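One structure is given here, and the rest of the page talks about it.
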Amino acid sequence: MKAVDQDDREMVLEWGITHTESWSQGRTAWSWLPTIDGGDSLPQLFSGFWRLYDDSDWRDTICTVIDWYLNSNNGPFHVGIILAQAALESICYKIVGNIISDKESLAKFLRASLNEKEIGIDDKIPESFQDLKDFSTQKVSQERGKYYKGDGPEAIVEIRNDLIHKKKKYGGLSVEVQLDALRLSLWYLEVILLRKFEYRGQYMNRLRIADENPFENVPWANENLEL
């Protein structure tokens, strides 16, 4: 088969996908993968997802985590924080629950799941998250640094706890702090899922500031993916 223009001149004919879009609107329209790579990333990601979905030991966890992840992208920020961390607790326990007591905090589970061997993600609060960093600094000052590490996992867990407990330590959390906590929680979920799916391509990093290119290689792109 060949393609011709209106003057019957032969033209280049290209079959395939040139653009992909998220299936939904609003905050859930966020795409993990580049939308203009012709869909090349999707087969790699889906094959990794299906491998875990087809594993009876992982299926329930993956379905639950993705369900909570999708719902955490809708509605108020404080609801998203709670749902995102429920998803984190589920998948982190699945990853490291055999080596850490289930009595330990979510922060410790998350920190262990993000370590260099598993994912290679720094657990420090990103520099661009100034409101969350200020909150964490305030908390460290209150605790005098004795029990509180002040890293990302501990900061988001502290905020989640303040949201769900009757006694409020901080007298109401600002929208900016809640937004930072939600974005960081969702990013942790995204990189953990992408890693478990053994995805090696580019993804959209939600931690990038607005004027930066959000697409970059996953941190483990050139590493051995044995988990």
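Every chain in the structure tokens takes a letter, A first, then B, and so on in the order presented; its residues are numbered from 1, and the ligands are numbered from 1 following the presented order.
Neighbouring residues of segment 46-62 of chain A at 8 Å or closer, counting only C-alpha atoms and skipping chain neighbours under 4 positions away, are Leu42, Ile66, Ser90, Ile91, Lys94, Lys196, Phe197, Glu198 and Tyr199 of chain A.
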Emit the selected residues as a PDB file, in the first residue's frame, including all heavy atoms.
```
ATOM      1  N   LEU A  42       4.507   2.458  26.475  1.00  0.00           N
ATOM      2  CA  LEU A  42       3.390   1.696  27.022  1.00  0.00           C
ATOM      3  C   LEU A  42       3.613   0.184  27.041  1.00  0.00           C
ATOM      4  O   LEU A  42       3.307  -0.466  28.047  1.00  0.00           O
ATOM      5  CB  LEU A  42       2.107   2.029  26.258  1.00  0.00           C
ATOM      6  CG  LEU A  42       1.519   3.415  26.524  1.00  0.00           C
ATOM      7  CD1 LEU A  42       0.325   3.669  25.605  1.00  0.00           C
ATOM      8  CD2 LEU A  42       1.091   3.559  27.977  1.00  0.00           C
ATOM      9  N   ILE A  66      -3.132   0.551  43.172  1.00  0.00           N
ATOM     10  CA  ILE A  66      -3.484   1.398  42.032  1.00  0.00           C
ATOM     11  C   ILE A  66      -4.842   2.059  42.246  1.00  0.00           C
ATOM     12  O   ILE A  66      -5.041   3.233  41.901  1.00  0.00           O
ATOM     13  CB  ILE A  66      -3.454   0.585  40.726  1.00  0.00           C
ATOM     14  CG1 ILE A  66      -2.004   0.204  40.396  1.00  0.00           C
ATOM     15  CG2 ILE A  66      -4.069   1.374  39.575  1.00  0.00           C
ATOM     16  CD1 ILE A  66      -1.852  -0.650  39.159  1.00  0.00           C
ATOM     17  N   SER A  90       0.642  -0.309  52.039  1.00  0.00           N
ATOM     18  CA  SER A  90       0.347  -1.626  51.480  1.00  0.00           C
ATOM     19  C   SER A  90       1.508  -2.162  50.650  1.00  0.00           C
ATOM     20  O   SER A  90       1.957  -3.297  50.839  1.00  0.00           O
ATOM     21  CB  SER A  90      -0.922  -1.548  50.626  1.00  0.00           C
ATOM     22  OG  SER A  90      -1.223  -2.798  50.050  1.00  0.00           O
ATOM     23  N   ILE A  91       2.034  -1.339  49.742  1.00  0.00           N
ATOM     24  CA  ILE A  91       3.075  -1.850  48.852  1.00  0.00           C
ATOM     25  C   ILE A  91       4.429  -1.941  49.553  1.00  0.00           C
ATOM     26  O   ILE A  91       5.217  -2.853  49.292  1.00  0.00           O
ATOM     27  CB  ILE A  91       3.171  -1.008  47.560  1.00  0.00           C
ATOM     28  CG1 ILE A  91       3.965  -1.795  46.510  1.00  0.00           C
ATOM     29  CG2 ILE A  91       3.787   0.368  47.819  1.00  0.00           C
ATOM     30  CD1 ILE A  91       3.854  -1.241  45.114  1.00  0.00           C
ATOM     31  N   LYS A  94       4.592  -5.034  51.503  1.00  0.00           N
ATOM     32  CA  LYS A  94       4.779  -6.169  50.601  1.00  0.00           C
ATOM     33  C   LYS A  94       6.244  -6.316  50.201  1.00  0.00           C
ATOM     34  O   LYS A  94       6.759  -7.431  50.058  1.00  0.00           O
ATOM     35  CB  LYS A  94       3.920  -5.971  49.348  1.00  0.00           C
ATOM     36  CG  LYS A  94       3.905  -7.157  48.401  1.00  0.00           C
ATOM     37  CD  LYS A  94       3.187  -8.329  49.017  1.00  0.00           C
ATOM     38  CE  LYS A  94       3.054  -9.476  48.035  1.00  0.00           C
ATOM     39  NZ  LYS A  94       2.413 -10.657  48.644  1.00  0.00           N
ATOM     40  N   LYS A 196       8.821  -1.649  40.420  1.00  0.00           N
ATOM     41  CA  LYS A 196       8.304  -3.012  40.507  1.00  0.00           C
ATOM     42  C   LYS A 196       7.867  -3.531  39.141  1.00  0.00           C
ATOM     43  O   LYS A 196       7.906  -4.730  38.885  1.00  0.00           O
ATOM     44  CB  LYS A 196       7.137  -3.085  41.491  1.00  0.00           C
ATOM     45  CG  LYS A 196       7.499  -2.837  42.942  1.00  0.00           C
ATOM     46  CD  LYS A 196       8.598  -3.769  43.423  1.00  0.00           C
ATOM     47  CE  LYS A 196       8.210  -5.233  43.372  1.00  0.00           C
ATOM     48  NZ  LYS A 196       9.295  -6.120  43.894  1.00  0.00           N
ATOM     49  N   PHE A 197       7.451  -2.625  38.253  1.00  0.00           N
ATOM     50  CA  PHE A 197       7.082  -3.030  36.897  1.00  0.00           C
ATOM     51  C   PHE A 197       8.307  -3.192  36.001  1.00  0.00           C
ATOM     52  O   PHE A 197       8.171  -3.485  34.812  1.00  0.00           O
ATOM     53  CB  PHE A 197       6.133  -1.997  36.271  1.00  0.00           C
ATOM     54  CG  PHE A 197       4.807  -1.866  36.965  1.00  0.00           C
ATOM     55  CD1 PHE A 197       4.060  -0.699  36.840  1.00  0.00           C
ATOM     56  CD2 PHE A 197       4.303  -2.891  37.748  1.00  0.00           C
ATOM     57  CE1 PHE A 197       2.837  -0.569  37.480  1.00  0.00           C
ATOM     58  CE2 PHE A 197       3.079  -2.764  38.396  1.00  0.00           C
ATOM     59  CZ  PHE A 197       2.343  -1.604  38.257  1.00  0.00           C
ATOM     60  N   GLU A 198       9.499  -2.964  36.553  1.00  0.00           N
ATOM     61  CA  GLU A 198      10.771  -3.092  35.829  1.00  0.00           C
ATOM     62  C   GLU A 198      10.815  -2.187  34.596  1.00  0.00           C
ATOM     63  O   GLU A 198      11.345  -2.536  33.543  1.00  0.00           O
ATOM     64  CB  GLU A 198      11.029  -4.552  35.440  1.00  0.00           C
ATOM     65  CG  GLU A 198      11.162  -5.460  36.652  1.00  0.00           C
ATOM     66  CD  GLU A 198      11.554  -6.881  36.291  1.00  0.00           C
ATOM     67  OE1 GLU A 198      11.640  -7.184  35.083  1.00  0.00           O
ATOM     68  OE2 GLU A 198      11.774  -7.680  37.210  1.00  0.00           O
ATOM     69  N   TYR A 199      10.270  -1.001  34.754  1.00  0.00           N
ATOM     70  CA  TYR A 199      10.246  -0.024  33.664  1.00  0.00           C
ATOM     71  C   TYR A 199      11.569   0.732  33.626  1.00  0.00           C
ATOM     72  O   TYR A 199      12.056   1.193  34.659  1.00  0.00           O
ATOM     73  CB  TYR A 199       9.085   0.945  33.882  1.00  0.00           C
ATOM     74  CG  TYR A 199       8.999   2.044  32.851  1.00  0.00           C
ATOM     75  CD1 TYR A 199       8.562   1.766  31.560  1.00  0.00           C
ATOM     76  CD2 TYR A 199       9.364   3.348  33.163  1.00  0.00           C
ATOM     77  CE1 TYR A 199       8.486   2.766  30.603  1.00  0.00           C
ATOM     78  CE2 TYR A 199       9.285   4.352  32.216  1.00  0.00           C
ATOM     79  CZ  TYR A 199       8.853   4.055  30.936  1.00  0.00           C
ATOM     80  OH  TYR A 199       8.786   5.042  29.994  1.00  0.00           O
TER      81      TYR A 199
END
```
Just the residues within 8 Å of Leu33 of chain A, please, counting only C-alpha atoms, with nothing from its chain fewer than 5 positions along; format it as a PyMOL selection string. chain A and resi 41-42+202-204+215
Only all heavy atoms, please: the residues just picked out, written as an mmCIF file, in the first residue's frame.
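Saved result, out.cif, follows:
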```cif
data_model
loop_
_atom_site.group_PDB
_atom_site.id
_atom_site.type_symbol
_atom_site.label_atom_id
_atom_site.label_comp_id
_atom_site.auth_asym_id
_atom_site.auth_seq_id
_atom_site.Cartn_x
_atom_site.Cartn_y
_atom_site.Cartn_z
ATOM 1 N N SER A 41 6.543 3.707 25.129
ATOM 2 C CA SER A 41 6.751 3.377 26.536
ATOM 3 C C SER A 41 5.690 2.420 27.073
ATOM 4 O O SER A 41 5.939 1.675 28.022
ATOM 5 C CB SER A 41 6.737 4.655 27.387
ATOM 6 O OG SER A 41 7.690 5.575 26.942
ATOM 7 N N LEU A 42 4.507 2.458 26.475
ATOM 8 C CA LEU A 42 3.390 1.696 27.022
ATOM 9 C C LEU A 42 3.613 0.184 27.041
ATOM 10 O O LEU A 42 3.307 -0.466 28.047
ATOM 11 C CB LEU A 42 2.107 2.029 26.258
ATOM 12 C CG LEU A 42 1.519 3.415 26.524
ATOM 13 C CD1 LEU A 42 0.325 3.669 25.605
ATOM 14 C CD2 LEU A 42 1.091 3.559 27.977
ATOM 15 N N GLN A 202 11.592 6.691 30.080
ATOM 16 C CA GLN A 202 11.375 8.015 30.649
ATOM 17 C C GLN A 202 10.025 8.077 31.349
ATOM 18 O O GLN A 202 9.089 7.366 30.988
ATOM 19 C CB GLN A 202 11.432 9.079 29.555
ATOM 20 C CG GLN A 202 12.830 9.360 29.027
ATOM 21 C CD GLN A 202 12.893 10.693 28.318
ATOM 22 O OE1 GLN A 202 11.947 11.121 27.669
ATOM 23 N NE2 GLN A 202 14.018 11.374 28.436
ATOM 24 N N TYR A 203 9.950 8.923 32.357
ATOM 25 C CA TYR A 203 8.684 9.132 33.050
ATOM 26 C C TYR A 203 8.554 10.611 33.376
ATOM 27 O O TYR A 203 9.519 11.374 33.296
ATOM 28 C CB TYR A 203 8.608 8.284 34.324
ATOM 29 C CG TYR A 203 9.328 8.870 35.528
ATOM 30 C CD1 TYR A 203 8.625 9.275 36.659
ATOM 31 C CD2 TYR A 203 10.716 9.028 35.536
ATOM 32 C CE1 TYR A 203 9.273 9.806 37.763
ATOM 33 C CE2 TYR A 203 11.372 9.554 36.632
ATOM 34 C CZ TYR A 203 10.648 9.937 37.746
ATOM 35 O OH TYR A 203 11.297 10.470 38.833
ATOM 36 N N MET A 204 7.345 11.025 33.737
ATOM 37 C CA MET A 204 7.107 12.415 34.081
ATOM 38 C C MET A 204 7.306 12.586 35.584
ATOM 39 O O MET A 204 6.551 12.044 36.387
ATOM 40 C CB MET A 204 5.699 12.842 33.675
ATOM 41 C CG MET A 204 5.447 14.337 33.838
ATOM 42 S SD MET A 204 3.800 14.848 33.277
ATOM 43 C CE MET A 204 4.000 14.737 31.505
ATOM 44 N N PHE A 215 10.129 15.410 31.871
ATOM 45 C CA PHE A 215 10.475 14.047 31.479
ATOM 46 C C PHE A 215 11.949 13.760 31.733
ATOM 47 O O PHE A 215 12.821 14.560 31.397
ATOM 48 C CB PHE A 215 10.156 13.816 30.002
ATOM 49 C CG PHE A 215 8.697 13.928 29.687
ATOM 50 C CD1 PHE A 215 8.208 15.012 28.974
ATOM 51 C CD2 PHE A 215 7.806 12.960 30.115
ATOM 52 C CE1 PHE A 215 6.861 15.129 28.691
ATOM 53 C CE2 PHE A 215 6.453 13.067 29.837
ATOM 54 C CZ PHE A 215 5.982 14.151 29.123
#
```
Between atom CA of Gln138 of chain A and atom CA of Ser113 of chain A, what is the distance, to one decimal in Å?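 Atom CA of Ser113 of chain A lies 26.0 Å from atom CA of Gln138 of chain A.
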What's the 12 Å shell around His78 of chain A, counting only C-alpha atoms, without same-chain residues fewer than 4 positions away, as a short mmCIF file (atom, residue, chain, number, x, y, z; two decimals) with N, CA, C and O atoms, in the first residue's frame?
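Result file out.cif:
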```cif
data_model
loop_
_atom_site.label_atom_id
_atom_site.label_comp_id
_atom_site.auth_asym_id
_atom_site.auth_seq_id
_atom_site.Cartn_x
_atom_site.Cartn_y
_atom_site.Cartn_z
N SER A 72 -6.58 8.90 45.16
CA SER A 72 -5.86 9.95 45.89
C SER A 72 -5.61 11.17 45.02
O SER A 72 -5.30 12.25 45.52
N ASN A 73 -5.75 11.02 43.70
CA ASN A 73 -5.59 12.14 42.77
C ASN A 73 -6.86 12.96 42.63
O ASN A 73 -6.88 13.95 41.91
N ASN A 74 -7.94 12.52 43.25
CA ASN A 74 -9.22 13.23 43.18
C ASN A 74 -9.58 13.79 44.55
O ASN A 74 -9.18 13.25 45.57
N ILE A 82 -4.16 10.88 52.77
CA ILE A 82 -4.52 9.68 53.54
C ILE A 82 -4.57 8.46 52.63
O ILE A 82 -4.03 7.39 52.96
N LEU A 83 -5.19 8.59 51.45
CA LEU A 83 -5.29 7.46 50.53
C LEU A 83 -3.93 7.08 49.96
O LEU A 83 -3.60 5.89 49.84
N ALA A 84 -3.12 8.08 49.61
CA ALA A 84 -1.80 7.79 49.05
C ALA A 84 -0.93 7.05 50.05
O ALA A 84 -0.20 6.12 49.69
N GLN A 85 -1.02 7.43 51.31
CA GLN A 85 -0.19 6.76 52.31
C GLN A 85 -0.74 5.39 52.68
O GLN A 85 0.02 4.50 53.08
N ILE A 156 5.88 13.26 55.66
CA ILE A 156 4.53 13.00 55.14
C ILE A 156 3.72 12.14 56.11
O ILE A 156 2.50 12.30 56.20
N ILE A 159 2.37 14.42 58.83
CA ILE A 159 1.23 15.21 58.35
C ILE A 159 -0.02 14.34 58.27
O ILE A 159 -1.11 14.75 58.67
N ARG A 160 0.13 13.12 57.76
CA ARG A 160 -1.02 12.20 57.71
C ARG A 160 -1.58 11.96 59.11
O ARG A 160 -2.79 11.98 59.33
N ASN A 161 -0.69 11.73 60.07
CA ASN A 161 -1.13 11.48 61.44
C ASN A 161 -1.89 12.67 62.02
O ASN A 161 -2.88 12.51 62.73
N ASP A 162 -1.41 13.87 61.71
CA ASP A 162 -2.07 15.06 62.23
C ASP A 162 -3.46 15.24 61.61
O ASP A 162 -4.36 15.77 62.25
N LEU A 163 -3.61 14.77 60.37
CA LEU A 163 -4.90 14.90 59.70
C LEU A 163 -5.95 13.94 60.27
O LEU A 163 -7.13 14.28 60.36
N ILE A 164 -5.52 12.74 60.65
CA ILE A 164 -6.50 11.73 61.04
C ILE A 164 -6.74 11.65 62.54
O ILE A 164 -7.75 11.10 62.97
N GLY A 172 -3.79 23.19 62.56
CA GLY A 172 -4.25 23.35 61.18
C GLY A 172 -3.08 23.47 60.22
O GLY A 172 -2.26 24.38 60.34
N LEU A 173 -3.02 22.57 59.28
CA LEU A 173 -1.92 22.56 58.31
C LEU A 173 -2.29 23.42 57.11
O LEU A 173 -3.41 23.36 56.61
N SER A 174 -1.34 24.19 56.62
CA SER A 174 -1.62 25.06 55.48
C SER A 174 -1.85 24.22 54.22
O SER A 174 -1.41 23.07 54.11
N VAL A 175 -2.55 24.82 53.27
CA VAL A 175 -2.79 24.15 51.99
C VAL A 175 -1.47 23.84 51.30
O VAL A 175 -1.30 22.78 50.68
N GLU A 176 -0.50 24.75 51.41
CA GLU A 176 0.79 24.57 50.76
C GLU A 176 1.53 23.34 51.30
O GLU A 176 2.11 22.56 50.55
N VAL A 177 1.49 23.17 52.62
CA VAL A 177 2.15 22.02 53.24
C VAL A 177 1.44 20.73 52.82
O VAL A 177 2.09 19.72 52.49
N GLN A 178 0.12 20.76 52.80
CA GLN A 178 -0.64 19.58 52.39
C GLN A 178 -0.36 19.22 50.93
O GLN A 178 -0.23 18.04 50.58
N LEU A 179 -0.27 20.23 50.08
CA LEU A 179 0.00 19.97 48.66
C LEU A 179 1.38 19.35 48.48
O LEU A 179 1.55 18.39 47.71
N ASP A 180 2.38 19.88 49.18
CA ASP A 180 3.72 19.28 49.12
C ASP A 180 3.70 17.83 49.59
O ASP A 180 4.33 16.95 48.97
N ALA A 181 3.00 17.58 50.68
CA ALA A 181 2.94 16.21 51.22
C ALA A 181 2.25 15.27 50.24
O ALA A 181 2.67 14.12 50.07
N LEU A 182 1.20 15.75 49.59
CA LEU A 182 0.49 14.92 48.62
C LEU A 182 1.37 14.62 47.41
O LEU A 182 1.48 13.48 46.97
N ARG A 183 2.01 15.65 46.88
CA ARG A 183 2.87 15.46 45.71
C ARG A 183 4.01 14.49 46.00
O ARG A 183 4.33 13.62 45.18
N SER A 185 4.06 12.14 48.36
CA SER A 185 3.49 10.81 48.57
C SER A 185 3.19 10.14 47.23
O SER A 185 3.49 8.95 47.03
#
```
Name the closest residue to Ala86 of chain A among the candidates A:Asp131, A:Ser136, A:Leu189, A:Leu207; distances are taken between atoms, counting only C-alpha atoms. A:Leu189
How many Å separate atom CA of Leu184 of chain A from atom CA of Thr64 of chain A?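 A separation of 19.5 Å between them.
The nearest approach to Trp220 of chain A among the residues A:Lys133, A:Pro34, A:Ile95, A:Leu114, with only C-alpha atoms taken into account, belongs to A:Leu114.
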Rank A:Cys92, A:Leu106, A:Glu190, A:Arg208 by their smallest atom-to-atom distance to Phe129 of chain A, using only C-alpha atoms, and report the top residue only. A:Arg208
